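*Asks:* Starting off with a structure, shown below.
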Amino acid sequence: MKKSLFIISLMCLAFQLQAQKREVQLLDTGWRFLNKEIPTTNINQVDDSSWQTVTVPHDWAIAGPFDMTIDMQKVTVIEDGDRGAKLRTGRTGALPCFGIGWYRKALNISKSDEGKRIFVEFDGAMSRSKVYLNGVYIGEWPYGYSSFSFELTKYIQLGKENILSVRLENKEESSRWYSGAGIYRNVRLVKTAPVRVAQWGTYITTPVVSPKMGEVNIKTEIDGDEKVQLITEIFDAKGQKVASTKSEGNKAFEQKLKVNKPSLWSPETPVLYTAVSKVFVGKIQKDEYKSVFGFRTIKFDRDKGFFLNGKYTKFKGVCLHHDLGPIGAAVNFRATERQLVMMKEMGVNAIRTSHNPPSLELLKICDSIGLMVQVESFDEWKNGKNTNGYGEFFDQWAEKDLTAMIKRDRNHPSVVMWSIGNEIREQGMPEGAAMAKFLTKISHDLDPTRPVSAGFNNWKGAIKNGLAAEVDLVGFNYAPDFYEKMRQENPTFTIYGSETASTVSSRGEYKFPVTPSKKAWYTDYQLTSYDLETCSWADLPDYEFQYQDDLDWVAGEFVWTGFDYLGEPSPYNEGTPARSSYFGIVDLAGIPKDRYYLYQSKWSEKPVFHVLPHWTWPDRLNQKVPVFVYTNYPKAELFVNGKSMGTRVKDKSSMLKRYRLMWDDVIYEPGEIKVVGYDKNDKVVAEKIIKTAGETYNIKLTADRQTIKADGKDLSFVTVELLDKDGNLCPRAANLLFFDVTGAGKLKAVCNGDATDQTSFASKYMRTFNGKLVVTVESDTTAGEITLKVSGGLLNAEEVKITTENLTK
Ligand code: GAL
């Protein structure tokens with residue numbers, strides 16, 4: 001009898017040891033979705049059998065259809081210099097992301113979960129979310145970009161099916177860009193013991209970092225009343241334990257550890273460490289919580305610029321909106337990674353998450369591939385830019401939203417600064433300084449290690465009302481010619497370009513005559529890829545480069561934008577078919593525009609030698625077709641059909657010649673152009689030939705990855721190009737192509753980068769835009785092979801095969 005009691009108690013102990021550690025379950029599959037209102041009186045009794053079954057992250061609007069009347073806004077955009085209201089079209093992407101959406105998911109909570117605490121964590125839900133469990137209202141979080149969680153424990157019915165319901169609502173005139181719609185970021189169910197590490201409950205700083213030793217300070221917040229023992233262990237990137245410590249207490253802990261010879265985090269060496277927090281009551285482990293961090297130092301010096309790990313570093317940054325082009329707002333790890341890797345390859349070292357808290361995925365990727373990040377909170381405070389925008393929530397929610405952002409993100413080594421706002425209207429209002437002071441204080445209290453910034457367009461107002469003096473770093477939007485003056489007049493300002501350039505272009509389009517313009521407008525709603533056109537308030541890349549090069553103390557720039565995004569189709573934002581931006585250095589499909597190579601030639605260490613335009617101009621016989629080369633070599637010579645057009649050398653005497661090699665007077669004749677590049681010793685180091693293309697003949701498919709994970713989420717991006725019979729790209733081809741995906745995956749999205757194309761991103765056919773488009777295929781959860789077949793008219797159909805594997809990583 002005694003023996004069996006002993007065995008039972010041993011089993012109980014083992015059960016407790018095991019069962020009380022946190023369990024995290026991704027709530028991704030099996031959601032039901034309805035895109036309209038239901039009565040909130042009896043939510044739990046709703047029959048959802050006719051609702052759509054969806055997986056989360058989910059964007060209910062991205063498949064369209066496009067409709068240019070959606071969210072047409074009669075609005076005065078003072079930031080764009082509007083003097084009166086205009087009827088703006090395409091401002092939020094012309095996609096149906098407005099109205100109400102309901103999500104329901106059954107959670108099976110077993111009797112064995114008795115005694116546990118149960119939470120639901122949302123990385124983001126767009127927007128005005130209201131969460132219910134078993135019909136009972138649990139809580140709400142209006143700002144669609146914030147992460148939040150609710151405790152469900154007391155509403156749970158053990159051993160039964162529990163229904164989690166979420167109501168979302170997007171109002172028209174609530175955004176300046178495509179917000180997306182739905183539970184567009186991940187949701188997790190988390191079960192813990194009564195005592196646990198609180199959500200975002202660790203705050204890790206590294207007050208001393210030297211080659212010999214790194215001091216780690218970890219504040220840990222324990223949620224629960226029991227007295228606990230907290231063991232914190234630090235593991236290096238190889239998984240070796242490099243430090244550990246133990247303390248006893250309750251609620252709040254502060255532990256200090258030392259790590260010998262820490263490897264430093266930087267864009268070149270993105271080394272990460274992991275702190276594992278283990279919570280014990282007596283001998284029983286109650287929780288385990290992991291936090292990733294890094295060792296690095298940051299220093300902003302108003303006279304010298306920015307230093308990372310003591311090394312002078314300029315921000316070669318881009319602003320990114322949160323959408324993933326044709327995939328929409330629904331977070332996808334691979335699509336995010338692809339964007340960030342393309343930026344990194346261009347030479348980018350920093351991202352500004354304009355103008356809202358980013359996905360967790362973005363930060364994880366920036367940590368691991370080495371990109372610094374400015375995390376931005378708001379595009380508007382109380383005096384909103386949108387009738388139904390954040391202004392409505394500011395008083396009640398700003399502190400909560402900013403706190404959620406900083407608590408969630410403050411351990412990431414990639415994050416080097418916070419922004420409390422972009423082009424806030426309060427720049428010109430008496431209350432501006434007090435509001436900035438309030439937000440800066442919240443940020444400093446939660447994280448004294450990083451400076452607080454804001455992006456100013458009305459800097460005169462912000463200086464006058466004292467707002468600019470309330471931030472640590474003064475970000476200027478589109479004002480390089482004022483950097484020097486502002487610094488002289490404001491001896492406390494540390495300055496950088498928070499938003500620069502806003503050059504506009506369409507991939508593969510070239511307009512004549514080739515002259516810089518701030519007012520370009522063409523009847524085909526495209527813009528030149530000679531990279532000479534900007535909006536009225538904006539500048540060419542080269543214009544900003546000069547100031548960045550000549551003023552060491554400017555900490556760098558963040559270009560508007562790395563990728564095209566949905567919405568804000570300036571300058572075609574009034575009564576046109578345009579529904580996405582022209583600002584991107586890369587188009588909406590993810591195909592680099594010419595400008596990509598201009599930035600790469602400036603920012604990257606690798607050799608760049610890019611020639612534009614194409615050489616197929618049947619309508620420009622004997623007319624001028626200028627040739628440009630974007631390169632980090634100093635000199636090149638151009639030949640047209642073997643005849644030299646002369647050499648060009650980078651030349652500081654003019655803004656454009658300083659950064660581009662240009663032959664302005666080339667007369668077009670079919671055949672070929674050849675450009676030969678020279679290094680500074682006049683040695684030939686590069687050669688590029690572009691030939692006049694014939695008729696479309698072949699379809700060429702290039703998958704970015706031939707093997708992907710069979711996890712129902714991984715993606716392969718297949719670039720489709722139309723070639724003539726000699727293999728030249730047909731640079732104006734607009735053929736309608738059809739896509740057929742069979743096997744172990746599905747068609748996820750298709751996009752050609754044309755901002756005016758109204759074909760759904762979920763369509764099985766689309767025209768190429770200037771000879772190219774991208775088809776994205778997604779794996780399903782069974783390993784196998786995906787076949788994408790692309791056909792069109794008389795062209796021979798082509799296939800590409802992608803293997804999907806059950807990989808552990
Ligand atoms: C800025 C604004 C951005 C975007 C950009 C376009 O004023 O901060 O969100 O609108 O202009 O040039």
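In the structure tokens, the first chain shown is A, the next is B, and so on; residue numbers restart at 1 for each chain, and ligands run from 1 in the order shown.
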Need the shell around Phe280 in chain A: protein/DNA/RNA residues with any atom at most 8 Å away, counting only C-alpha atoms. Skip same-chain ones fewer than 4 positions apart. Format as a PyMOL selection string?
*Replies:* chain A and resi 228-231+284-287
*Asks:* Include C-alpha atoms and write out the residues we just selected as a compact mmCIF listing (two decimals), in the first residue's frame.
*Replies:*
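Final file, again_4.txt:
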```txt
# COMPACT_ATOMS: atom_id res chain seq x y z
CA VAL A 228 10.08 31.99 -6.33
CA GLN A 229 13.62 31.13 -7.17
CA LEU A 230 14.69 32.62 -10.49
CA ILE A 231 17.55 30.96 -12.33
CA ILE A 284 9.39 22.45 -8.88
CA GLN A 285 9.98 24.33 -12.06
CA LYS A 286 7.01 26.51 -12.89
CA ASP A 287 8.07 28.39 -15.97
```
*Asks:* I'd like the contact shell of range 80-84 of chain A - 10 Å cut-off, only C-alpha atoms, skipping same-chain residues fewer than 6 positions apart - returned as a VMD selection string.
*Replies:* chain A and resid 74 535 to 538 570 to 571
*Asks:* Throw together the list of residues within 7 Å of ligand 1, counting only C-alpha atoms and all ligand atoms, and drop it here as a PyMOL selection string.
*Replies:* chain A and resi 79-80+422-423+457+477+499+502+535+538+560
*Asks:* Please produce a file of the residues just selected, as a PDB file, in the first residue's frame, where the atoms kept are N, CA, C and O atoms.
*Replies:*
```pdb
ATOM      1  N   GLU A  79       0.388  67.707 -45.784  1.00  0.00           N
ATOM      2  CA  GLU A  79       1.784  67.249 -45.902  1.00  0.00           C
ATOM      3  C   GLU A  79       2.231  67.207 -47.367  1.00  0.00           C
ATOM      4  O   GLU A  79       3.413  67.300 -47.658  1.00  0.00           O
ATOM      5  N   ASP A  80       1.261  67.029 -48.294  1.00  0.00           N
ATOM      6  CA  ASP A  80       1.598  66.993 -49.730  1.00  0.00           C
ATOM      7  C   ASP A  80       1.495  68.373 -50.359  1.00  0.00           C
ATOM      8  O   ASP A  80       1.603  68.514 -51.577  1.00  0.00           O
ATOM      9  N   ASN A 422       5.555  60.318 -36.658  1.00  0.00           N
ATOM     10  CA  ASN A 422       5.949  60.804 -37.971  1.00  0.00           C
ATOM     11  C   ASN A 422       5.078  61.981 -38.380  1.00  0.00           C
ATOM     12  O   ASN A 422       3.846  61.867 -38.381  1.00  0.00           O
ATOM     13  N   GLU A 423       5.710  63.077 -38.723  1.00  0.00           N
ATOM     14  CA  GLU A 423       5.004  64.251 -39.270  1.00  0.00           C
ATOM     15  C   GLU A 423       3.709  64.533 -38.505  1.00  0.00           C
ATOM     16  O   GLU A 423       2.632  64.715 -39.089  1.00  0.00           O
ATOM     17  N   ASN A 457       8.425  67.210 -40.559  1.00  0.00           N
ATOM     18  CA  ASN A 457       8.324  67.914 -41.842  1.00  0.00           C
ATOM     19  C   ASN A 457       8.111  69.401 -41.572  1.00  0.00           C
ATOM     20  O   ASN A 457       8.762  70.240 -42.159  1.00  0.00           O
ATOM     21  N   ASN A 477      12.471  65.209 -42.358  1.00  0.00           N
ATOM     22  CA  ASN A 477      11.897  64.597 -43.556  1.00  0.00           C
ATOM     23  C   ASN A 477      12.080  65.564 -44.719  1.00  0.00           C
ATOM     24  O   ASN A 477      11.585  66.694 -44.676  1.00  0.00           O
ATOM     25  N   GLU A 499      13.378  60.795 -43.231  1.00  0.00           N
ATOM     26  CA  GLU A 499      12.707  60.390 -44.471  1.00  0.00           C
ATOM     27  C   GLU A 499      13.343  61.164 -45.599  1.00  0.00           C
ATOM     28  O   GLU A 499      13.403  62.395 -45.548  1.00  0.00           O
ATOM     29  N   SER A 502      12.005  60.110 -51.709  1.00  0.00           N
ATOM     30  CA  SER A 502      10.672  60.032 -52.328  1.00  0.00           C
ATOM     31  C   SER A 502      10.756  60.267 -53.832  1.00  0.00           C
ATOM     32  O   SER A 502      10.003  61.027 -54.421  1.00  0.00           O
ATOM     33  N   CYS A 535       8.118  63.697 -56.161  1.00  0.00           N
ATOM     34  CA  CYS A 535       6.969  64.527 -55.820  1.00  0.00           C
ATOM     35  C   CYS A 535       7.477  65.930 -55.490  1.00  0.00           C
ATOM     36  O   CYS A 535       8.687  66.145 -55.328  1.00  0.00           O
ATOM     37  N   ALA A 538       9.816  66.457 -52.626  1.00  0.00           N
ATOM     38  CA  ALA A 538      10.831  65.411 -52.478  1.00  0.00           C
ATOM     39  C   ALA A 538      12.097  65.717 -53.278  1.00  0.00           C
ATOM     40  O   ALA A 538      12.189  66.728 -53.965  1.00  0.00           O
ATOM     41  N   TRP A 560      12.574  56.962 -48.458  1.00  0.00           N
ATOM     42  CA  TRP A 560      11.172  56.604 -48.696  1.00  0.00           C
ATOM     43  C   TRP A 560      11.076  56.050 -50.105  1.00  0.00           C
ATOM     44  O   TRP A 560      11.235  56.814 -51.032  1.00  0.00           O
TER      45      TRP A 560
END
```
*Asks:* Hey, which of A:Arg167, A:Lys709, A:Arg196, A:Lys304 ends up closest to Glu288 in chain A? Count only C-alpha atoms.
*Replies:*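 Using only C-alpha atoms, Glu288 in chain A sits closest to A:Arg196.
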*Asks:* Using only C-alpha atoms for the distances, tell me which of A:His610, A:Arg352, A:His412, A:Arg338 is nearest to Ile591 in chain A.
*Replies:*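 Smallest separation from Ile591 in chain A among the options: A:Arg338.
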*Asks:* Of the residues A:Asp665, A:Met435, A:Ile786, A:Ile234, which is the one nearest to Glu215 in chain A, using only C-alpha atoms?
*Replies:* A:Ile234
